[in-house]
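K.L.:
Pasting in a structure now, in C-alpha cells, and then I'll have a few things to ask.
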Amino acid sequence: MLKHCCGAITPIVGDLVDMGITMLHPLDERAGNDQVALKKQYPNLTVVGGIDCDAPLTTYTPQEMEEYVKGILATHAPGGRYICATSNSVHSSANPENFKAMQEAVHKWGQYKPDGTLTWQ
C-alpha cells in the first residue's frame, strides 16, 4: 500500500509501516527525512522520491541533472526498494528539458542486477 505524505514524517514512519504501508512518497529529504536511513530501518519499505523538485528541475542543465540523478541512485537504490521520482509534484517552474533528462538518467543508470546492486556499480 502506497502512502503520500508531505513534511517531516520520520517520527511516524514506524506507525505507518505497522498499519501496512509498504511504500512512502515522497519522504522529502529537505523536510528532514533520511530516505537511506529509513530504508535500512524498515527493510520491507519501498521509498519513492529522492529528486528535489526545486533547484535541480528548475535551474540545472540537462547534463547536471543526469549527474545529480546518478548520484541519488548511487546512494538510494542499492538493495532495491527504491523508485526514483521527484520529492513532490513537478511544478510549473520546472524546466521540461530537466524533467526529460531526469527520466533518461533513471533509464540509463537505474537498472538493477538480480543481487540488488546497480548495473554500473
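Starting from 1 in every chain, residues are counted up; chains themselves are A, B, ... following the order of the C-alpha cells, and ligands are numbered from 1 as listed.
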Which segment 73-102 of chain A residues have any atom within 10 Å of an atom of segment 23-31 of chain A, and for each, what is the nearest pair of atoms with distance in Å to one decimal, counting only C-alpha atoms, rows sorted by chain and number, as JSON lines?
P.N.:
```
{"residue": "A:Arg81", "atom": "CA", "partner": "A:Met23", "partner_atom": "CA", "distance": 8.6}
{"residue": "A:Tyr82", "atom": "CA", "partner": "A:Met23", "partner_atom": "CA", "distance": 9.1}
{"residue": "A:Ile83", "atom": "CA", "partner": "A:His25", "partner_atom": "CA", "distance": 9.3}
{"residue": "A:Cys84", "atom": "CA", "partner": "A:Pro26", "partner_atom": "CA", "distance": 9.9}
{"residue": "A:Ala85", "atom": "CA", "partner": "A:Pro26", "partner_atom": "CA", "distance": 8.1}
{"residue": "A:Thr86", "atom": "CA", "partner": "A:Pro26", "partner_atom": "CA", "distance": 7.4}
{"residue": "A:Ser87", "atom": "CA", "partner": "A:Pro26", "partner_atom": "CA", "distance": 5.0}
{"residue": "A:Asn88", "atom": "CA", "partner": "A:Pro26", "partner_atom": "CA", "distance": 5.9}
{"residue": "A:Ser89", "atom": "CA", "partner": "A:Pro26", "partner_atom": "CA", "distance": 9.3}
```
K.L.:
Any chance you could export the current selection's N, CA and C atoms as an mmCIF file, in the first residue's frame?
P.N.:
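File written: result-v6.cif
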```cif
data_model
loop_
_atom_site.group_PDB
_atom_site.id
_atom_site.type_symbol
_atom_site.label_atom_id
_atom_site.label_comp_id
_atom_site.auth_asym_id
_atom_site.auth_seq_id
_atom_site.Cartn_x
_atom_site.Cartn_y
_atom_site.Cartn_z
ATOM 1 N N ARG A 81 14.103 -1.660 -3.494
ATOM 2 C CA ARG A 81 13.079 -0.958 -2.730
ATOM 3 C C ARG A 81 13.182 0.563 -2.877
ATOM 4 N N TYR A 82 13.579 1.008 -4.051
ATOM 5 C CA TYR A 82 13.658 2.442 -4.308
ATOM 6 C C TYR A 82 13.080 2.729 -5.688
ATOM 7 N N ILE A 83 12.174 3.698 -5.747
ATOM 8 C CA ILE A 83 11.626 4.179 -7.015
ATOM 9 C C ILE A 83 12.019 5.640 -7.134
ATOM 10 N N CYS A 84 12.826 5.933 -8.126
ATOM 11 C CA CYS A 84 13.310 7.292 -8.327
ATOM 12 C C CYS A 84 12.176 8.160 -8.873
ATOM 13 N N ALA A 85 11.899 9.237 -8.165
ATOM 14 C CA ALA A 85 10.838 10.168 -8.547
ATOM 15 C C ALA A 85 11.137 11.514 -7.900
ATOM 16 N N THR A 86 10.361 12.508 -8.250
ATOM 17 C CA THR A 86 10.542 13.817 -7.635
ATOM 18 C C THR A 86 10.070 13.794 -6.183
ATOM 19 N N SER A 87 10.581 14.748 -5.421
ATOM 20 C CA SER A 87 10.263 14.829 -3.993
ATOM 21 C C SER A 87 8.844 15.332 -3.742
ATOM 22 N N ASN A 88 8.182 15.749 -4.763
ATOM 23 C CA ASN A 88 6.774 16.134 -4.692
ATOM 24 C C ASN A 88 6.297 16.246 -6.125
ATOM 25 N N SER A 89 5.427 17.159 -6.415
ATOM 26 C CA SER A 89 4.922 17.286 -7.782
ATOM 27 C C SER A 89 5.969 17.953 -8.675
#
```
K.L.:
Would you list the contacts of Asn33 of chain A as an MDAnalysis selection string, taking every protein, DNA or RNA residue within 9 Å and counting only C-alpha atoms, but skipping same-chain residues closer than 6 positions in sequence?
P.N.:
chainID A and resid 7:10 27
K.L.:
Which is closest to Asp54 of chain A among A:Pro11, A:Met1, A:Ala77, A:Ala94, if we use only C-alpha atoms?
P.N.:
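Between A:Pro11, A:Met1, A:Ala77, A:Ala94, the residue approaching Asp54 of chain A most closely is A:Ala94.
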K.L.:
Just asking: which residues within segment 6-62 of chain A are strand (DSSP E or B) according to DSSP, as a list in words?
P.N.:
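The strand (DSSP E or B) subset of segment 6-62 of chain A is Met23, Leu24, His25, Pro26, Thr46, Val47, Val48, Gly49, Gly50 and Ile51 of chain A.
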K.L.:
Residues of segment 2-47 of chain A classed as helix (DSSP H, G or I) by DSSP on the backbone are to be reported as a VMD selection string.
P.N.:
chain A and resid 10 to 18 29 to 31 35 to 41
K.L.:
Write the residues you've just listed into a file as a JSON list (two decimals), in the first residue's frame, and include N, CA, C and O atoms for each of them.
P.N.:
```
[["chain", "number", "residue", "atom", "x", "y", "z"],
["A", 10, "THR", "N", 9.31, 11.35, 9.69],
["A", 10, "THR", "CA", 10.15, 10.29, 10.24],
["A", 10, "THR", "C", 9.62, 9.75, 11.58],
["A", 10, "THR", "O", 9.61, 8.53, 11.77],
["A", 11, "PRO", "N", 9.17, 10.60, 12.51],
["A", 11, "PRO", "CA", 8.69, 10.07, 13.79],
["A", 11, "PRO", "C", 7.49, 9.12, 13.68],
["A", 11, "PRO", "O", 7.27, 8.33, 14.59],
["A", 12, "ILE", "N", 6.74, 9.19, 12.59],
["A", 12, "ILE", "CA", 5.56, 8.32, 12.48],
["A", 12, "ILE", "C", 5.71, 7.22, 11.44],
["A", 12, "ILE", "O", 4.76, 6.45, 11.22],
["A", 13, "VAL", "N", 6.87, 7.10, 10.81],
["A", 13, "VAL", "CA", 7.05, 6.08, 9.79],
["A", 13, "VAL", "C", 6.82, 4.68, 10.36],
["A", 13, "VAL", "O", 6.16, 3.84, 9.74],
["A", 14, "GLY", "N", 7.30, 4.41, 11.55],
["A", 14, "GLY", "CA", 7.09, 3.11, 12.18],
["A", 14, "GLY", "C", 5.61, 2.78, 12.33],
["A", 14, "GLY", "O", 5.18, 1.65, 12.06],
["A", 15, "ASP", "N", 4.83, 3.77, 12.73],
["A", 15, "ASP", "CA", 3.38, 3.57, 12.86],
["A", 15, "ASP", "C", 2.75, 3.28, 11.50],
["A", 15, "ASP", "O", 1.87, 2.42, 11.38],
["A", 16, "LEU", "N", 3.19, 4.01, 10.47],
["A", 16, "LEU", "CA", 2.65, 3.78, 9.12],
["A", 16, "LEU", "C", 2.97, 2.37, 8.64],
["A", 16, "LEU", "O", 2.12, 1.69, 8.07],
["A", 17, "VAL", "N", 4.21, 1.93, 8.88],
["A", 17, "VAL", "CA", 4.61, 0.58, 8.49],
["A", 17, "VAL", "C", 3.78, -0.45, 9.26],
["A", 17, "VAL", "O", 3.30, -1.44, 8.69],
["A", 18, "ASP", "N", 3.58, -0.21, 10.55],
["A", 18, "ASP", "CA", 2.77, -1.13, 11.36],
["A", 18, "ASP", "C", 1.33, -1.21, 10.86],
["A", 18, "ASP", "O", 0.67, -2.25, 11.03],
["A", 29, "GLU", "N", 13.51, 14.80, 1.59],
["A", 29, "GLU", "CA", 14.72, 14.96, 2.40],
["A", 29, "GLU", "C", 14.92, 16.39, 2.88],
["A", 29, "GLU", "O", 15.49, 16.61, 3.93],
["A", 30, "ARG", "N", 14.41, 17.37, 2.14],
["A", 30, "ARG", "CA", 14.52, 18.76, 2.59],
["A", 30, "ARG", "C", 13.65, 19.01, 3.82],
["A", 30, "ARG", "O", 13.87, 19.98, 4.54],
["A", 31, "ALA", "N", 12.68, 18.14, 4.07],
["A", 31, "ALA", "CA", 11.85, 18.25, 5.27],
["A", 31, "ALA", "C", 12.46, 17.51, 6.45],
["A", 31, "ALA", "O", 11.89, 17.49, 7.54],
["A", 35, "GLN", "N", 15.95, 9.23, 3.61],
["A", 35, "GLN", "CA", 15.43, 8.08, 2.88],
["A", 35, "GLN", "C", 16.32, 6.85, 3.01],
["A", 35, "GLN", "O", 15.82, 5.74, 3.19],
["A", 36, "VAL", "N", 17.61, 7.03, 2.93],
["A", 36, "VAL", "CA", 18.54, 5.90, 3.00],
["A", 36, "VAL", "C", 18.45, 5.24, 4.39],
["A", 36, "VAL", "O", 18.37, 4.02, 4.50],
["A", 37, "ALA", "N", 18.43, 6.04, 5.44],
["A", 37, "ALA", "CA", 18.32, 5.51, 6.80],
["A", 37, "ALA", "C", 16.99, 4.80, 7.01],
["A", 37, "ALA", "O", 16.94, 3.73, 7.64],
["A", 38, "LEU", "N", 15.91, 5.36, 6.48],
["A", 38, "LEU", "CA", 14.60, 4.73, 6.64],
["A", 38, "LEU", "C", 14.52, 3.41, 5.89],
["A", 38, "LEU", "O", 13.90, 2.46, 6.36],
["A", 39, "LYS", "N", 15.17, 3.32, 4.73],
["A", 39, "LYS", "CA", 15.22, 2.04, 4.01],
["A", 39, "LYS", "C", 15.91, 0.98, 4.86],
["A", 39, "LYS", "O", 15.48, -0.17, 4.91],
["A", 40, "LYS", "N", 17.00, 1.37, 5.53],
["A", 40, "LYS", "CA", 17.73, 0.42, 6.38],
["A", 40, "LYS", "C", 16.91, 0.04, 7.61],
["A", 40, "LYS", "O", 16.90, -1.12, 8.03],
["A", 41, "GLN", "N", 16.23, 1.00, 8.20],
["A", 41, "GLN", "CA", 15.47, 0.76, 9.42],
["A", 41, "GLN", "C", 14.22, -0.09, 9.17],
["A", 41, "GLN", "O", 13.82, -0.88, 10.02]]
```
K.L.:
Could you list, as a PyMOL selection string, every residue within 12 Å of Ser92 of chain A, counting only C-alpha atoms and ignoring same-chain residues fewer than 3 positions away?
P.N.:
chain A and resi 53-54+57-58+89+95-96+99
K.L.:
Please, could you write that set of residues out with C-alpha atoms as an mmCIF file, in the first residue's frame?
P.N.:
```cif
data_model
loop_
_atom_site.group_PDB
_atom_site.id
_atom_site.type_symbol
_atom_site.label_atom_id
_atom_site.label_comp_id
_atom_site.auth_asym_id
_atom_site.auth_seq_id
_atom_site.Cartn_x
_atom_site.Cartn_y
_atom_site.Cartn_z
ATOM 1 C CA CYS A 53 11.694 19.206 -7.221
ATOM 2 C CA ASP A 54 13.229 22.655 -6.708
ATOM 3 C CA LEU A 57 14.482 20.629 -12.007
ATOM 4 C CA THR A 58 14.392 24.407 -12.389
ATOM 5 C CA SER A 89 4.922 17.286 -7.782
ATOM 6 C CA ASN A 95 12.363 23.017 -16.920
ATOM 7 C CA PRO A 96 10.828 20.366 -19.224
ATOM 8 C CA PHE A 99 12.445 16.536 -16.357
#
```
K.L.:
Just the residues within 12 Å of Tyr68 of chain A, please, counting only C-alpha atoms, with nothing from its chain fewer than 6 positions along; format it as a PyMOL selection string.
P.N.:
chain A and resi 50-52+55-57+60-62+74-75+84+98+101-103+105-106+109
K.L.:
For those residues, write C-alpha atoms to a file as a PDB file, in the first residue's frame.
P.N.:
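For reference, part_21.pdb as written:
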```pdb
ATOM      1  CA  GLY A  50      14.734  11.487  -3.868  1.00  0.00           C
ATOM      2  CA  ILE A  51      14.856  14.015  -6.688  1.00  0.00           C
ATOM      3  CA  ASP A  52      14.495  17.529  -5.273  1.00  0.00           C
ATOM      4  CA  ALA A  55      16.690  23.716  -7.981  1.00  0.00           C
ATOM      5  CA  PRO A  56      17.643  20.575  -9.909  1.00  0.00           C
ATOM      6  CA  LEU A  57      14.482  20.629 -12.007  1.00  0.00           C
ATOM      7  CA  TYR A  60      20.342  22.716 -13.611  1.00  0.00           C
ATOM      8  CA  THR A  61      21.479  21.984 -17.136  1.00  0.00           C
ATOM      9  CA  PRO A  62      20.356  18.606 -18.507  1.00  0.00           C
ATOM     10  CA  ALA A  74      24.137   5.610  -6.110  1.00  0.00           C
ATOM     11  CA  THR A  75      23.026   6.366  -2.552  1.00  0.00           C
ATOM     12  CA  CYS A  84      13.310   7.292  -8.327  1.00  0.00           C
ATOM     13  CA  ASN A  98      15.450  18.753 -16.989  1.00  0.00           C
ATOM     14  CA  ALA A 101      16.927  14.437 -18.531  1.00  0.00           C
ATOM     15  CA  MET A 102      15.815  13.036 -15.152  1.00  0.00           C
ATOM     16  CA  GLN A 103      13.754  10.313 -16.811  1.00  0.00           C
ATOM     17  CA  ALA A 105      19.086   9.268 -16.465  1.00  0.00           C
ATOM     18  CA  VAL A 106      16.865   6.896 -14.486  1.00  0.00           C
ATOM     19  CA  TRP A 109      21.675   4.488 -14.612  1.00  0.00           C
TER      20      TRP A 109
END
```
K.L.:
Which residues are near Leu118 of chain A? Cut-off 10 Å, only C-alpha atoms, ignore same chain within fewer than 6 positions. Put them as number ranges by chain.
P.N.:
A: 73-74, 77-80, 109-112
K.L.:
For a quick check of understanding, using only C-alpha atoms, which of A:Thr119, A:Glu104, A:Met19, A:Lys3 has the smallest distance to Glu66 of chain A?
P.N.:
A:Glu104
